[in-house]
file data.txt (compact mmCIF, C-alpha atoms)
# COMPACT_ATOMS: atom_id res chain seq x y z
CA MET A 1090 -11.91 1.58 22.37
CA THR A 1091 -15.39 3.11 22.28
CA GLN A 1092 -14.89 4.17 18.67
CA ILE A 1093 -14.21 0.68 17.28
CA GLU A 1094 -17.71 -0.75 17.32
CA PRO A 1095 -19.40 1.87 15.08
CA GLN A 1096 -16.81 1.14 12.41
CA ASN A 1097 -17.36 -2.61 12.27
CA GLN A 1098 -19.93 -2.06 9.53
CA LEU A 1099 -17.41 0.02 7.59
CA THR A 1100 -14.94 -2.86 7.60
CA LEU A 1101 -17.58 -5.12 6.12
CA ASP A 1102 -18.47 -2.48 3.53
CA LEU A 1103 -14.82 -2.25 2.47
CA SER A 1104 -14.58 -6.02 2.06
CA ARG A 1105 -17.62 -5.98 -0.22
CA LYS A 1106 -16.66 -2.91 -2.24
CA HIS A 1107 -13.21 -4.17 -3.27
CA LYS A 1108 -14.87 -6.89 -5.35
CA ILE A 1109 -16.80 -4.24 -7.28
CA GLU A 1110 -14.59 -1.15 -7.43
CA GLY A 1111 -11.07 -2.60 -7.24
CA SER A 1112 -7.99 -2.07 -5.11
CA GLN A 1113 -7.73 1.67 -5.72
CA ALA A 1114 -11.19 2.43 -4.29
CA THR A 1115 -10.55 0.09 -1.35
CA ALA A 1116 -7.20 1.77 -0.62
CA ARG A 1117 -8.75 5.24 -0.77
CA GLN A 1118 -11.63 4.26 1.51
CA THR A 1119 -9.21 2.65 3.98
CA ALA A 1120 -7.10 5.82 4.12
CA GLU A 1121 -10.19 7.99 4.59
CA LEU A 1122 -11.42 5.78 7.42
CA LEU A 1123 -8.05 5.92 9.19
CA ARG A 1124 -7.94 9.69 8.73
CA SER A 1125 -11.32 9.89 10.48
CA VAL A 1126 -10.03 7.70 13.33
CA ILE A 1127 -6.99 9.94 13.80
CA SER A 1128 -9.01 13.17 13.74
CA GLN A 1129 -11.39 11.84 16.42
CA GLN A 1130 -8.69 10.35 18.64
CA ARG A 1131 -7.94 12.20 21.90
CA VAL A 1132 -4.17 12.41 22.18
CA PRO A 1133 -2.60 12.48 25.69
CA TYR A 1134 0.25 14.79 26.63
CA THR A 1135 2.65 11.86 26.90
CA ASN A 1136 3.30 9.20 24.28
CA GLN A 1137 1.17 10.99 21.69
CA ALA A 1138 2.42 8.96 18.74
CA GLY A 1139 1.86 5.76 20.67
CA ALA A 1140 -1.79 6.65 21.24
CA LEU A 1141 -2.35 7.31 17.54
CA ILE A 1142 -0.51 4.13 16.56
CA ASP A 1143 -2.64 2.04 18.93
CA ALA A 1144 -5.84 3.60 17.57
CA VAL A 1145 -4.85 2.92 13.96
CA LYS A 1146 -3.75 -0.63 14.74
CA ALA A 1147 -7.06 -1.34 16.51
CA ILE A 1148 -9.01 -0.48 13.37
CA GLY A 1149 -6.34 -1.88 11.04
CA GLU A 1150 -6.58 -5.33 12.60
CA GLN A 1151 -10.31 -5.42 11.91
CA LEU A 1152 -9.92 -4.18 8.34
CA ILE A 1153 -7.26 -6.76 7.49
CA ALA A 1154 -9.19 -9.59 9.16
CA ALA A 1155 -12.36 -8.64 7.28
CA ASN A 1156 -10.59 -8.81 3.91
CA PRO A 1157 -7.25 -10.67 4.10
CA VAL A 1158 -7.05 -11.26 0.34
CA GLU A 1159 -7.06 -7.52 -0.47
CA LEU A 1160 -3.46 -6.72 0.48
CA ALA A 1161 -3.97 -3.03 -0.33
CA VAL A 1162 -5.90 -2.67 2.95
CA GLY A 1163 -2.92 -3.79 5.03
CA ASN A 1164 -0.60 -1.68 2.88
CA ILE A 1165 -2.54 1.50 3.65
CA VAL A 1166 -2.74 0.71 7.36
CA ARG A 1167 1.04 0.28 7.44
CA ARG A 1168 1.57 3.44 5.37
CA VAL A 1169 -0.45 5.48 7.89
CA LEU A 1170 1.48 3.97 10.81
CA HIS A 1171 4.72 4.92 9.06
CA ILE A 1172 3.41 8.47 8.58
CA ILE A 1173 2.68 8.80 12.31
CA ARG A 1174 6.18 7.66 13.23
CA GLU A 1175 7.84 9.94 10.69
CA GLU A 1176 5.84 13.04 11.66
CA ASP A 1177 6.42 12.45 15.37
CA LEU A 1178 10.15 12.02 14.88
CA SER A 1179 10.24 15.20 12.81
CA LEU A 1180 8.48 17.20 15.53
CA THR A 1181 10.66 15.70 18.27
CA THR A 1182 13.83 16.52 16.39
CA ALA A 1183 12.70 20.10 15.76
CA ALA A 1184 11.66 20.62 19.39
CA ILE A 1185 14.93 19.30 20.83
CA GLY A 1186 16.91 21.27 18.28
CA GLY A 1187 15.13 24.45 19.43
CA LEU A 1188 15.91 23.77 23.10
CA ASN A 1189 19.58 23.24 22.42
CA LEU A 1190 19.71 26.31 20.20
CA SER A 1191 18.42 28.50 23.05
CA ALA A 1192 20.90 26.93 25.47
CA VAL A 1193 23.80 27.60 23.12
CA SER A 1194 22.79 31.24 22.63
CA ASP A 1195 23.36 31.88 26.36
CA ASP A 1196 26.92 30.60 26.23
CA GLU A 1197 29.42 31.58 23.56
CA ASN A 1198 32.01 29.03 24.65
CA ASP A 1199 32.94 26.77 21.72
CA ASP A 1200 33.51 23.75 23.98
CA ASP A 1201 30.03 24.14 25.46
CA ARG A 1202 28.57 24.28 21.96
CA ASP A 1203 30.22 21.01 21.12
CA GLY A 1204 28.75 19.45 24.26
CA ASP A 1205 25.27 20.75 23.44
CA SER A 1206 25.52 19.33 19.92
CA THR A 1207 26.34 15.90 21.30
CA LEU A 1208 23.51 16.16 23.80
CA SER A 1209 21.07 17.02 21.03
CA ALA A 1210 21.86 13.85 19.09
CA ALA A 1211 21.41 11.69 22.21
CA ALA A 1212 18.21 13.45 23.16
CA VAL A 1213 16.72 12.98 19.72
CA ALA A 1214 17.36 9.23 19.91
CA ALA A 1215 15.89 9.01 23.41
CA ALA A 1216 12.83 11.03 22.50
CA ALA A 1217 12.25 8.99 19.34
CA ARG A 1218 12.33 5.78 21.39
CA SER A 1219 10.04 7.13 24.09
CA THR A 1220 7.31 8.15 21.68
CA LEU A 1221 6.85 4.56 20.51
CA ARG A 1222 6.20 3.01 23.96
CA PRO A 1223 4.22 3.83 27.11
CA PRO A 1224 5.93 6.29 29.52
CA SER A 1225 8.12 4.61 32.12
CA LEU A 1226 10.70 5.56 34.75
CA GLN A 1227 13.45 4.87 32.22
CA THR A 1228 11.73 7.18 29.74
CA LEU A 1229 11.58 9.97 32.32
CA LEU A 1230 15.26 9.48 33.16
CA GLU A 1231 16.17 9.56 29.47
CA ASP A 1232 14.38 12.88 29.12
CA THR A 1233 16.23 14.46 32.08
CA PRO A 1234 19.22 15.76 30.04
CA VAL A 1235 16.83 17.62 27.77
CA SER A 1236 15.24 19.60 30.59
CA ALA A 1237 18.68 20.09 32.16
CA ALA A 1238 19.82 21.83 29.02
CA VAL A 1239 17.35 24.65 29.72
CA PRO A 1240 18.74 27.19 32.25
CA GLN A 1241 16.66 27.64 35.45
CA THR A 1242 16.42 31.14 36.91
CA SER A 1243 14.13 31.21 39.96
CA SER A 1244 11.19 29.45 41.54
CA SER A 1245 8.75 31.88 39.97
CA GLY A 1246 10.52 31.39 36.69
CA GLY A 1247 10.19 27.63 37.18
CA ASP A 1248 6.43 27.90 37.63
CA SER A 1249 6.17 30.03 34.53
CA GLU A 1250 8.28 27.55 32.62
CA GLY A 1251 6.09 24.66 33.82
CA LYS A 1252 3.00 26.37 32.44
CA SER A 1253 4.86 27.08 29.24
CA LYS A 1254 5.86 23.42 28.91
CA SER A 1255 2.27 22.34 29.45
CA ALA A 1256 1.12 24.72 26.74
CA ASP A 1257 3.90 23.49 24.46
CA LYS A 1258 2.82 19.87 24.94
CA SER A 1259 -0.78 20.74 24.12
CA SER A 1260 0.34 22.67 21.06
CA ARG A 1261 2.62 19.81 19.98
CA SER A 1262 -0.23 17.33 20.39
CA ARG A 1263 -2.44 19.37 18.07
CA LYS A 1264 0.38 19.88 15.60
CA LEU A 1265 1.15 16.14 15.48
CA LYS A 1266 -2.45 15.31 14.59
CA HIS A 1267 -2.56 18.15 12.06
CA ASP A 1268 0.66 17.05 10.37
CA VAL A 1269 -0.41 13.39 10.29
CA ILE A 1270 -3.80 14.27 8.79
CA GLU A 1271 -2.14 16.46 6.16
CA ALA A 1272 0.22 13.62 5.25
CA VAL A 1273 -2.70 11.17 5.01
CA ASN A 1274 -4.50 13.65 2.74
CA GLU A 1275 -1.44 13.60 0.47
CA LEU A 1276 -1.53 9.79 0.53
CA ILE A 1277 -5.20 9.81 -0.51
CA GLN A 1278 -4.42 12.23 -3.33
CA ASP A 1279 -1.61 9.94 -4.53
CA ILE A 1280 -4.02 6.99 -4.57
CA VAL A 1281 -6.65 8.94 -6.50
CA THR A 1282 -4.17 10.15 -9.13
CA CYS A 1283 -2.02 7.01 -9.44
CA HIS A 1284 -3.54 6.06 -12.83
CA GLU A 1285 -2.72 9.46 -14.28
CA GLN A 1286 0.82 9.46 -12.90
CA ILE A 1287 1.53 6.02 -14.34
CA ALA A 1288 -0.11 6.92 -17.67
CA GLU A 1289 2.19 9.94 -18.07
CA GLN A 1290 5.09 7.51 -18.58
CA ALA A 1291 3.38 5.59 -21.41
CA VAL A 1292 5.01 7.50 -24.26
CA GLU A 1293 8.45 6.48 -22.94
CA HIS A 1294 7.65 2.77 -23.27
CA ILE A 1295 5.22 2.32 -26.17
CA HIS A 1296 6.56 3.08 -29.65
CA GLN A 1297 5.13 3.38 -33.13
CA ASN A 1298 3.63 0.26 -34.77
CA GLU A 1299 4.26 -1.98 -31.77
CA VAL A 1300 2.02 -4.87 -30.71
CA ILE A 1301 1.08 -4.96 -27.01
CA LEU A 1302 -0.33 -8.00 -25.21
CA THR A 1303 -2.34 -7.81 -21.99
CA LEU A 1304 -4.61 -10.11 -20.01
CA GLY A 1305 -7.90 -9.48 -18.26
CA SER A 1306 -9.09 -6.00 -17.32
CA SER A 1307 -7.14 -3.27 -15.55
CA ARG A 1308 -7.99 0.40 -15.41
CA THR A 1309 -4.30 1.22 -14.98
CA VAL A 1310 -3.49 -0.63 -18.21
CA LEU A 1311 -6.43 1.03 -19.98
CA GLU A 1312 -5.30 4.55 -19.04
CA PHE A 1313 -1.69 3.70 -19.87
CA LEU A 1314 -2.54 2.51 -23.38
CA PHE A 1315 -4.91 5.39 -24.03
CA ALA A 1316 -2.27 7.92 -22.91
CA ALA A 1317 0.12 6.51 -25.53
CA LYS A 1318 -2.56 6.85 -28.20
CA GLU A 1319 -3.15 10.46 -27.14
CA LYS A 1320 0.53 11.10 -27.86
CA LYS A 1321 -0.07 9.98 -31.46
CA ARG A 1322 1.40 6.51 -31.01
CA SER A 1323 -0.11 3.99 -33.42
CA PHE A 1324 -0.07 0.41 -32.09
CA ARG A 1325 -2.21 -2.72 -31.78
CA VAL A 1326 -3.35 -4.44 -28.59
CA PHE A 1327 -3.88 -8.19 -28.14
CA VAL A 1328 -6.21 -8.85 -25.20
CA ALA A 1329 -6.34 -12.33 -23.65
CA GLU A 1330 -9.89 -12.79 -22.42
CA GLY A 1331 -9.04 -13.79 -18.86
CA ALA A 1332 -11.26 -16.84 -18.35
CA PRO A 1333 -13.32 -17.78 -16.44
CA ARG A 1334 -14.53 -14.25 -15.59
CA TYR A 1335 -13.69 -12.95 -19.07
CA GLN A 1336 -12.65 -9.51 -17.86
CA GLY A 1337 -10.67 -9.16 -21.10
CA HIS A 1338 -13.96 -8.75 -22.94
CA LEU A 1339 -14.64 -5.59 -20.94
CA LEU A 1340 -11.15 -4.22 -21.59
CA ALA A 1341 -11.40 -4.94 -25.32
CA LYS A 1342 -14.70 -3.07 -25.47
CA GLU A 1343 -13.20 -0.07 -23.64
CA LEU A 1344 -10.15 0.00 -25.91
CA VAL A 1345 -12.30 -0.05 -29.04
CA ALA A 1346 -14.49 2.71 -27.61
CA ARG A 1347 -11.36 4.85 -27.21
CA GLY A 1348 -10.22 4.19 -30.75
CA LEU A 1349 -7.44 1.64 -30.23
CA GLN A 1350 -6.87 -1.27 -32.61
CA THR A 1351 -7.74 -4.34 -30.58
CA THR A 1352 -7.62 -8.11 -31.10
CA LEU A 1353 -9.34 -10.40 -28.58
CA ILE A 1354 -7.75 -13.85 -28.12
CA THR A 1355 -8.33 -16.84 -25.87
CA ASP A 1356 -5.97 -17.47 -22.98
CA SER A 1357 -4.80 -20.71 -24.58
CA ALA A 1358 -3.70 -18.75 -27.69
CA VAL A 1359 -1.12 -16.68 -25.80
CA PHE A 1360 1.83 -18.93 -26.74
CA ALA A 1361 0.67 -19.01 -30.36
CA MET A 1362 0.47 -15.19 -30.59
CA ILE A 1363 3.39 -14.14 -28.40
CA SER A 1364 5.91 -14.28 -31.27
CA ARG A 1365 4.11 -11.30 -32.86
CA VAL A 1366 4.20 -9.25 -29.66
CA ASN A 1367 6.73 -6.52 -28.83
CA MET A 1368 5.78 -6.06 -25.18
CA VAL A 1369 3.47 -7.49 -22.50
CA ILE A 1370 1.84 -4.85 -20.28
CA VAL A 1371 -0.31 -6.04 -17.38
CA GLY A 1372 -1.76 -4.86 -14.09
CA ALA A 1373 -1.25 -6.45 -10.67
CA HIS A 1374 -3.23 -7.31 -7.57
CA ALA A 1375 -0.14 -6.78 -5.37
CA VAL A 1376 3.63 -6.45 -5.66
CA MET A 1377 5.55 -8.26 -2.93
CA ALA A 1378 8.80 -7.16 -1.26
CA ASN A 1379 10.85 -9.64 -3.29
CA GLY A 1380 9.53 -8.25 -6.58
CA GLY A 1381 7.07 -11.09 -7.10
CA VAL A 1382 3.59 -10.26 -8.38
CA ILE A 1383 0.17 -11.50 -7.31
CA ALA A 1384 -1.99 -11.09 -10.41
CA PRO A 1385 -5.19 -12.48 -11.97
CA VAL A 1386 -5.12 -16.18 -12.71
CA GLY A 1387 -3.44 -17.01 -16.02
CA MET A 1388 -0.76 -14.31 -15.65
CA ASN A 1389 2.02 -16.79 -14.92
CA LEU A 1390 1.27 -18.48 -18.24
CA VAL A 1391 1.65 -15.14 -20.02
CA ALA A 1392 4.91 -14.39 -18.17
CA LEU A 1393 6.38 -17.77 -19.11
CA ALA A 1394 5.43 -17.26 -22.76
CA ALA A 1395 7.06 -13.80 -22.71
CA GLN A 1396 10.25 -15.18 -21.21
CA LYS A 1397 10.38 -18.01 -23.74
CA HIS A 1398 10.23 -15.53 -26.64
CA ALA A 1399 12.35 -12.80 -24.98
CA VAL A 1400 9.42 -10.36 -24.86
CA PRO A 1401 9.57 -7.67 -22.11
CA PHE A 1402 7.03 -8.32 -19.35
CA VAL A 1403 6.01 -4.97 -17.80
CA VAL A 1404 3.86 -4.64 -14.67
CA LEU A 1405 1.90 -1.48 -13.84
CA ALA A 1406 1.09 -0.90 -10.17
CA GLY A 1407 0.23 2.09 -7.99
CA SER A 1408 2.25 2.57 -4.81
CA HIS A 1409 -0.74 1.41 -2.71
CA LYS A 1410 -0.20 -2.08 -4.20
CA LEU A 1411 3.42 -2.30 -3.04
CA CYS A 1412 3.38 -4.75 -0.12
CA PRO A 1413 6.25 -4.96 2.42
CA LEU A 1414 5.62 -8.65 3.03
CA TYR A 1415 7.11 -11.68 1.28
CA PRO A 1416 5.03 -14.47 -0.27
CA HIS A 1417 6.10 -16.91 2.47
CA ASN A 1418 4.94 -14.62 5.32
CA PRO A 1419 2.02 -16.18 7.24
CA GLU A 1420 0.13 -12.86 7.02
CA VAL A 1421 -0.08 -13.19 3.24
CA LEU A 1422 -3.09 -14.99 1.81
CA LEU A 1423 -1.89 -15.62 -1.73
CA ASN A 1424 -5.13 -16.83 -3.20
CA GLU A 1425 -8.85 -17.26 -2.85
CA LEU A 1426 -11.07 -19.90 -4.42
CA ARG A 1427 -14.01 -18.49 -6.32
CA SER A 1428 -17.38 -20.11 -6.98
CA PRO A 1429 -17.44 -23.17 -9.28
CA SER A 1430 -20.45 -21.57 -10.99
CA GLU A 1431 -17.98 -19.41 -12.97
CA LEU A 1432 -16.77 -22.60 -14.64
CA LEU A 1433 -19.76 -24.94 -14.77
CA ASP A 1434 -23.51 -24.88 -15.11
CA PHE A 1435 -24.70 -26.73 -12.01
CA GLY A 1436 -27.79 -27.96 -13.81
CA GLU A 1437 -25.81 -29.51 -16.63
CA PHE A 1438 -23.16 -31.08 -14.35
CA SER A 1439 -25.39 -32.03 -11.43
CA ASP A 1440 -24.97 -35.76 -12.11
CA CYS A 1441 -21.18 -35.49 -11.95
CA MET A 1442 -21.33 -33.58 -8.69
CA ASP A 1443 -23.81 -35.96 -7.06
CA PHE A 1444 -22.93 -37.74 -3.83
CA GLY A 1445 -24.13 -41.00 -5.34
CA SER A 1446 -20.82 -42.83 -5.12
CA GLY A 1447 -21.49 -43.84 -1.55
CA SER A 1448 -18.15 -42.48 -0.37
CA GLY A 1449 -19.70 -39.29 0.96
CA SER A 1450 -17.82 -37.05 -1.49
CA PRO A 1451 -18.78 -35.77 -4.95
CA LEU A 1452 -17.36 -37.40 -8.07
CA LEU A 1453 -16.33 -34.06 -9.60
CA HIS A 1454 -14.30 -31.40 -7.82
CA VAL A 1455 -14.00 -27.85 -9.21
CA VAL A 1456 -11.09 -25.58 -8.27
CA ASN A 1457 -11.34 -21.96 -9.37
CA PRO A 1458 -8.42 -19.87 -8.02
CA ALA A 1459 -8.59 -16.11 -8.42
CA PHE A 1460 -4.87 -15.28 -8.57
CA ASP A 1461 -1.51 -16.38 -9.93
CA TYR A 1462 1.94 -15.72 -8.51
CA VAL A 1463 4.56 -14.44 -10.95
CA PRO A 1464 8.13 -14.72 -9.59
CA PRO A 1465 10.42 -11.69 -9.98
CA LYS A 1466 12.68 -13.48 -12.47
CA LEU A 1467 9.85 -13.33 -15.03
CA VAL A 1468 9.29 -9.55 -14.64
CA SER A 1469 11.28 -7.13 -16.82
CA LEU A 1470 10.12 -3.80 -15.39
CA PHE A 1471 7.76 -2.28 -12.84
CA ILE A 1472 6.13 1.06 -13.64
CA THR A 1473 4.67 2.80 -10.59
CA ASP A 1474 3.52 6.34 -9.87
CA ALA A 1475 7.09 6.86 -8.60
CA GLY A 1476 8.66 5.85 -11.94
CA GLY A 1477 10.08 2.72 -13.55
CA HIS A 1478 12.07 0.21 -11.50
CA ASN A 1479 13.78 -3.13 -11.94
CA PRO A 1480 12.43 -6.03 -9.83
CA SER A 1481 15.67 -6.11 -7.82
CA TYR A 1482 15.06 -2.52 -6.67
CA MET A 1483 11.50 -3.01 -5.43
CA TYR A 1484 12.54 -3.98 -1.91
CA ARG A 1485 14.34 -0.64 -1.54
CA LEU A 1486 11.40 1.35 -2.90
CA ILE A 1487 9.01 -0.49 -0.58
CA ALA A 1488 11.28 0.16 2.42
CA ASP A 1489 10.76 3.91 1.94
CA TYR A 1490 7.01 3.54 2.52
CA TYR A 1491 6.91 1.33 5.62
CA SER A 1492 8.45 0.88 9.07
CA ALA A 1493 9.82 -2.49 10.12
CA ASP A 1494 7.85 -2.28 13.40
CA ASP A 1495 4.56 -2.28 11.48
CA LEU A 1496 4.96 -5.32 9.24
CA VAL A 1497 2.69 -7.26 11.60
CA VAL A 1498 -0.31 -5.07 12.44
CA GLN A 1499 -1.14 -6.05 15.98
CA ARG A 1500 -2.05 -3.99 19.01
CA ARG A 1501 0.36 -3.84 21.91
CA ALA A 1502 -0.65 -6.32 24.63
CA THR A 1503 -1.87 -4.69 27.85
CA ALA A 1504 -1.00 -5.81 31.38
CA GLY A 1505 -4.42 -7.40 31.82
CA ASN A 1506 -4.02 -9.68 28.79

call {"tool": "encode", "arguments": {"input": "data.txt", "output": "structure tokens"}}
result
Amino acid sequence: MTQIEPQNQLTLDLSRKHKIEGSQATARQTAELLRSVISQQRVPYTNQAGALIDAVKAIGEQLIAANPVELAVGNIVRRVLHIIREEDLSLTTAAIGGLNLSAVSDDENDDDRDGDSTLSAAAVAAAARSTLRPPSLQTLLEDTPVSAAVPQTSSSGGDSEGKSKSADKSSRSRKLKHDVIEAVNELIQDIVTCHEQIAEQAVEHIHQNEVILTLGSSRTVLEFLFAAKEKKRSFRVFVAEGAPRYQGHLLAKELVARGLQTTLITDSAVFAMISRVNMVIVGAHAVMANGGVIAPVGMNLVALAAQKHAVPFVVLAGSHKLCPLYPHNPEVLLNELRSPSELLDFGEFSDCMDFGSGSGSPLLHVVNPAFDYVPPKLVSLFITDAGGHNPSYMYRLIADYYSADDLVVQRRATAGN
């Protein structure tokens, strides 16, 4: 618990930086912070995975609370928790398999081998359960068959074996941390290279003389389109400006700088232009477990226009944006309201927003949501760093990255609470 306070400032820094650098930078910084927490955590001999899980959840709760709209933060916390569970189970299985192998080598009886094989399966299940909760009498009893499988020779041999077990536990503790940190390093590398991995698939989806429509600004979309141009594909891009922040202006400028034919249109012109479009390619803020997409405001309008004219609607998203939650989950904050100053000049509209009506409320209300929700039925294809997938398959892909026990990131309650 002593390590939580110095990282409070880091949680605030992450909540600020996501507004400037985007989800990818926030996801990378979250993974790096959790890697630091794991490397500094002192792991006990017993319940090693549980200690790491509690440490990650303690920081993860603060990170998610500091920035609930940025779902990538919670995604990375859950990914790291899943890594800890997977690495611990792998080590437990290997250790128990080694014990049973040595027991079998002392007895060539086929029936005994069958018994040892059955014992190994039961021991693996017991050990996997025990690593995810504090040690208890039941846990110790469950572990008894494992130690019984090792032949005892003499009292002096028992002392030697006790020292050996202690050394093995210390070695296993270090190996668990090492393996988890290595896996987190691989996760960070996947986050850093997700744009490149998605862009490599561009030539399979963009063909000669096509017209592509996108909305707002997305680095993933930018790299995807540029990768197709690098493969000698000639095509035109329509960019909807993405009011009221007009991020599409930035994307259009980048596309022109890289030599792509670009046409900038207003958001209200999407339905008028969609009949000329061969494919819609957009980025995402998050992809939910049901295949729905949280995206910049105005995206649902584009998706409806694409469906009306039978134009494929393709979503690009790195694996760090795949969220195991559903839109109806209470942990999901689907939207945030941005400043009215993005829509109105307060000086020009001050009279309309005056409290002069006598009712105690302004005459003019301004609502400026940041995101839209696009249901899965409007999405044709997802392209991630793991390949292309139909919306109906996303729940299965997401299930490979997360554990069901970690969907709600909350520390285990102690006896004093």

call {"tool": "closest_residue", "arguments": {"input": "data.txt", "among": "A:Ile1148, A:Leu1414, A:Ile1277, A:Leu1265", "to": "Ala1120 (chain A)", "atoms": "all atoms listed in the file"}}
result
A:Ile1277

call {"tool": "closest_residue", "arguments": {"input": "data.txt", "among": "A:Gln1278, A:Ser1112, A:Ser1428, A:Ser1481", "to": "Pro1458 (chain A)", "atoms": "all atoms listed in the file"}}
result
A:Ser1428

call {"tool": "closest_residue", "arguments": {"input": "data.txt", "among": "A:Ala1493, A:Gln1129, A:Ile1153, A:Gly1111", "to": "Ser1306 (chain A)", "atoms": "only C-alpha atoms"}}
result
A:Gly1111

call {"tool": "closest_residue", "arguments": {"input": "data.txt", "among": "A:Val1273, A:Val1455, A:Ala1329, A:Ala1475", "to": "Gly1387 (chain A)", "atoms": "all atoms listed in the file"}}
result
A:Ala1329

call {"tool": "residues_around", "arguments": {"input": "data.txt", "residues": "region 1348-1363 of chain A", "least_positions_apart": "4", "cutoff": "9 Å", "atoms": "all atoms listed in the file", "output": "ChimeraX atom specification"}}
result
/A:1302,1304,1314-1315,1318,1323-1332,1337-1338,1341-1344,1367,1369,1387,1390-1391,1393-1395,1398,1400

call {"tool": "residues_near_point", "arguments": {"input": "data.txt", "point": "(12.7, -5.5, -12.7)", "cutoff": "10 Å", "atoms": "all atoms listed in the file", "output": "PyMOL selection string"}}
result
chain A and resi 1380-1381+1402-1404+1465-1472+1477-1483

call {"tool": "axis_aligned_box", "arguments": {"input": "data.txt", "around": "region 1144-1153 of chain A", "padding_each_side": "5 Å", "output": "JSON"}}
result
{"center_x": -7.0, "center_y": -1.6, "center_z": 12.5, "size_x": 16.6, "size_y": 20.4, "size_z": 20.1}

call {"tool": "closest_residue", "arguments": {"input": "data.txt", "among": "A:Gln1137, A:Asn1164, A:Thr1473, A:Gln1290", "to": "Glu1176 (chain A)", "atoms": "all atoms listed in the file"}}
result
A:Gln1137
